[in-house]
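Engineer: Next up, work24.cif (mmCIF, C-alpha atoms; chains and numbers go by the auth columns).
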```
data_final
#
loop_
_atom_site.group_PDB
_atom_site.id
_atom_site.type_symbol
_atom_site.label_atom_id
_atom_site.label_comp_id
_atom_site.label_asym_id
_atom_site.label_seq_id
_atom_site.Cartn_x
_atom_site.Cartn_y
_atom_site.Cartn_z
_atom_site.B_iso_or_equiv
_atom_site.auth_seq_id
_atom_site.auth_asym_id
ATOM 1 C CA MET A 1 -40.454 -47.705 30.236 0.00 74 U
ATOM 2 C CA ASP A 2 -40.259 -49.987 33.252 0.00 75 U
ATOM 3 C CA ASN A 3 -37.499 -52.537 33.881 0.00 76 U
ATOM 4 C CA LYS A 4 -39.505 -55.454 32.448 0.00 77 U
ATOM 5 C CA GLN A 5 -40.112 -53.576 29.179 0.00 78 U
ATOM 6 C CA GLU A 6 -36.447 -52.578 28.962 0.00 79 U
ATOM 7 C CA GLU A 7 -35.426 -56.191 29.488 0.00 80 U
ATOM 8 C CA THR A 8 -37.839 -57.325 26.775 0.00 81 U
ATOM 9 C CA VAL A 9 -36.455 -54.809 24.279 0.00 82 U
ATOM 10 C CA ALA A 10 -32.874 -55.730 25.139 0.00 83 U
ATOM 11 C CA ASN A 11 -33.594 -59.434 24.595 0.00 84 U
ATOM 12 C CA THR A 12 -35.449 -59.095 21.301 0.00 85 U
ATOM 13 C CA ALA A 13 -32.801 -60.818 19.199 0.00 86 U
ATOM 14 C CA THR A 14 -32.371 -63.547 21.794 0.00 87 U
ATOM 15 C CA ASN A 15 -36.113 -64.125 21.864 0.00 88 U
ATOM 16 C CA LEU A 16 -36.164 -64.384 18.080 0.00 89 U
ATOM 17 C CA ASP A 17 -33.274 -66.854 18.183 0.00 90 U
ATOM 18 C CA ASN A 18 -35.164 -68.980 20.728 0.00 91 U
ATOM 19 C CA LEU A 19 -38.286 -68.909 18.573 0.00 92 U
ATOM 20 C CA MET A 20 -36.346 -70.038 15.504 0.00 93 U
ATOM 21 C CA THR A 21 -36.174 -73.578 16.811 0.00 94 U
ATOM 22 C CA ARG A 22 -39.982 -73.759 16.846 0.00 95 U
ATOM 23 C CA ILE A 23 -40.642 -72.218 13.447 0.00 96 U
ATOM 24 C CA ALA A 24 -40.937 -74.717 10.613 0.00 97 U
ATOM 25 C CA ALA A 25 -38.267 -74.908 7.951 0.00 98 U
ATOM 26 C CA VAL A 26 -38.274 -71.176 7.210 0.00 99 U
ATOM 27 C CA PRO A 27 -34.847 -69.629 6.775 0.00 100 U
ATOM 28 C CA ARG A 28 -33.822 -67.168 9.492 0.00 101 U
ATOM 29 C CA ASN A 29 -33.330 -64.282 7.070 0.00 102 U
ATOM 30 C CA GLU A 30 -36.752 -64.846 5.518 0.00 103 U
ATOM 31 C CA ILE A 31 -38.305 -64.459 8.967 0.00 104 U
ATOM 32 C CA ARG A 32 -36.249 -61.345 9.662 0.00 105 U
ATOM 33 C CA LEU A 33 -37.283 -59.808 6.344 0.00 106 U
ATOM 34 C CA ALA A 34 -40.958 -60.524 6.998 0.00 107 U
ATOM 35 C CA VAL A 35 -40.781 -58.883 10.430 0.00 108 U
ATOM 36 C CA LEU A 36 -38.903 -55.856 9.109 0.00 109 U
ATOM 37 C CA ARG A 37 -41.364 -55.413 6.228 0.00 110 U
ATOM 38 C CA ASP A 38 -44.245 -55.558 8.698 0.00 111 U
ATOM 39 C CA GLU A 39 -42.528 -52.852 10.747 0.00 112 U
ATOM 40 C CA VAL A 40 -42.168 -50.629 7.668 0.00 113 U
ATOM 41 C CA GLU A 41 -45.919 -51.028 7.026 0.00 114 U
ATOM 42 C CA VAL A 42 -46.766 -50.125 10.634 0.00 115 U
ATOM 43 C CA HIS A 43 -44.557 -47.034 10.603 0.00 116 U
ATOM 44 C CA THR A 44 -45.762 -45.982 7.149 0.00 117 U
ATOM 45 C CA SER A 45 -49.348 -46.047 8.410 0.00 118 U
ATOM 46 C CA GLN A 46 -48.333 -43.559 11.137 0.00 119 U
ATOM 47 C CA LEU A 47 -47.003 -40.926 8.737 0.00 120 U
ATOM 48 C CA GLN A 48 -48.664 -37.517 8.776 0.00 121 U
ATOM 49 C CA PRO A 49 -48.231 -34.515 6.437 0.00 122 U
ATOM 50 C CA SER A 50 -45.921 -32.898 9.001 0.00 123 U
ATOM 51 C CA GLY A 51 -44.197 -33.637 12.281 0.00 124 U
ATOM 52 C CA THR A 52 -43.236 -37.223 11.522 0.00 125 U
ATOM 53 C CA GLY A 53 -39.614 -36.797 10.463 0.00 126 U
ATOM 54 C CA THR A 54 -38.495 -39.312 13.064 0.00 127 U
ATOM 55 C CA ILE A 55 -40.778 -41.942 11.558 0.00 128 U
ATOM 56 C CA HIS A 56 -39.244 -41.292 8.119 0.00 129 U
ATOM 57 C CA THR A 57 -35.817 -41.819 9.686 0.00 130 U
ATOM 58 C CA ILE A 58 -36.948 -45.067 11.300 0.00 131 U
ATOM 59 C CA ILE A 59 -38.384 -46.344 8.016 0.00 132 U
ATOM 60 C CA GLY A 60 -35.128 -45.473 6.232 0.00 133 U
ATOM 61 C CA GLY A 61 -33.112 -47.391 8.809 0.00 134 U
ATOM 62 C CA ILE A 62 -35.335 -50.435 8.553 0.00 135 U
ATOM 63 C CA GLU A 63 -35.206 -50.343 4.752 0.00 136 U
ATOM 64 C CA GLN A 64 -31.410 -50.172 4.911 0.00 137 U
ATOM 65 C CA ARG A 65 -31.383 -53.264 7.131 0.00 138 U
ATOM 66 C CA ILE A 66 -33.668 -55.055 4.648 0.00 139 U
ATOM 67 C CA GLU A 67 -31.181 -54.264 1.866 0.00 140 U
ATOM 68 C CA GLU A 68 -28.286 -55.589 4.003 0.00 141 U
ATOM 69 C CA ILE A 69 -30.077 -58.875 4.624 0.00 142 U
ATOM 70 C CA GLN A 70 -30.969 -59.280 0.943 0.00 143 U
ATOM 71 C CA LYS A 71 -27.299 -59.053 -0.144 0.00 144 U
#
```
For the file at hand, write its structure as structure tokens.

Structural biologist:
Amino acid sequence: MDNKQEETVANTATNLDNLMTRIAAVPRNEIRLAVLRDEVEVHTSQLQPSGTGTIHTIIGGIEQRIEEIQK
């Protein structure tokens, strides 16, 4: 990963916060949930019968974050 990509990853939340002001009257958590659910779908589509334990871990972490936001 080059420096520009690292900077982009590090600023993800900041970029989302900046975008919030341009998104219509959609609550912040609703946007977060939509993005997280999309990520679960992407990772789920990458699952294979074996060798994808890390992806299962990632999906579990994202699902835990979804539950936290929904509380």

Engineer: Name the closest residue to Asp111 (chain U) among the candidates U:Ile135, U:His129, U:Ile142, U:Leu89; distances are taken between atoms, counting all atoms listed in the file.

Structural biologist: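 Selected residue with least distance to Asp111 (chain U): U:Ile135.
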
Engineer: Restricting the calculation to all atoms listed in the file, which member of U:Leu106, U:Leu92, U:Ala98, U:Ile132 is positioned closest to Leu120 (chain U)?

Structural biologist: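 Selected residue with least distance to Leu120 (chain U): U:Ile132.
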
Engineer: Between U:Val113, U:Asp90, U:Gln143, U:Glu103, which residue has the minimum interatomic distance to Thr130 (chain U), considering only C-alpha atoms?

Structural biologist: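 Once distances to Thr130 (chain U) are computed over only C-alpha atoms, the minimum belongs to U:Val113.
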
Engineer: Nearest to Gly134 (chain U): which of U:Arg95, U:Pro100, U:Glu112, U:Arg105 is it, counting only C-alpha atoms?

Structural biologist: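 Using only C-alpha atoms, Gly134 (chain U) sits closest to U:Glu112.
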
Engineer: Which is closest to Gln119 (chain U) among U:Ile131, U:Ile139, U:Ile96, U:Ala107, if we use only C-alpha atoms?

Structural biologist: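 Closest to Gln119 (chain U) of all the choices is U:Ile131.
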
Engineer: For Glu141 (chain U), which residue out of U:Met93, U:Val99, U:Ile128, U:Leu109 is the nearest one, using all atoms listed in the file?

Structural biologist: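 Of U:Met93, U:Val99, U:Ile128, U:Leu109, the one nearest Glu141 (chain U) is U:Leu109, counting all atoms listed in the file.
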
Engineer: Please indicate the distance in Å from CA of Arg138 (chain U) to CA of Val115 (chain U), rounded to one decimal place.

Structural biologist: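 CA of Arg138 (chain U) sits 16.1 Å away from CA of Val115 (chain U).
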
Engineer: CA of Asn91 (chain U) to CA of Glu114 (chain U): how many Å, to one decimal?

Structural biologist: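 For CA of Asn91 (chain U) relative to CA of Glu114 (chain U), the distance reads 25.0 Å.
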
Engineer: Could you check how far CA of Val108 (chain U) sits from CA of Thr94 (chain U), in Å to one decimal?

Structural biologist: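 Result for CA of Val108 (chain U) versus CA of Thr94 (chain U): 16.7 Å, one decimal.
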
Engineer: The centre and edge lengths of an axis-aligned box containing all atoms of region 99-105 of chain U present in the file, extended by 3 Å on each side, are to be given in Å to one decimal, as lines of an AutoDock Vina configuration file.

Structural biologist:
```
center_x = -35.8
center_y = -66.3
center_z = 7.6
size_x = 11.0
size_y = 15.8
size_z = 10.1
```
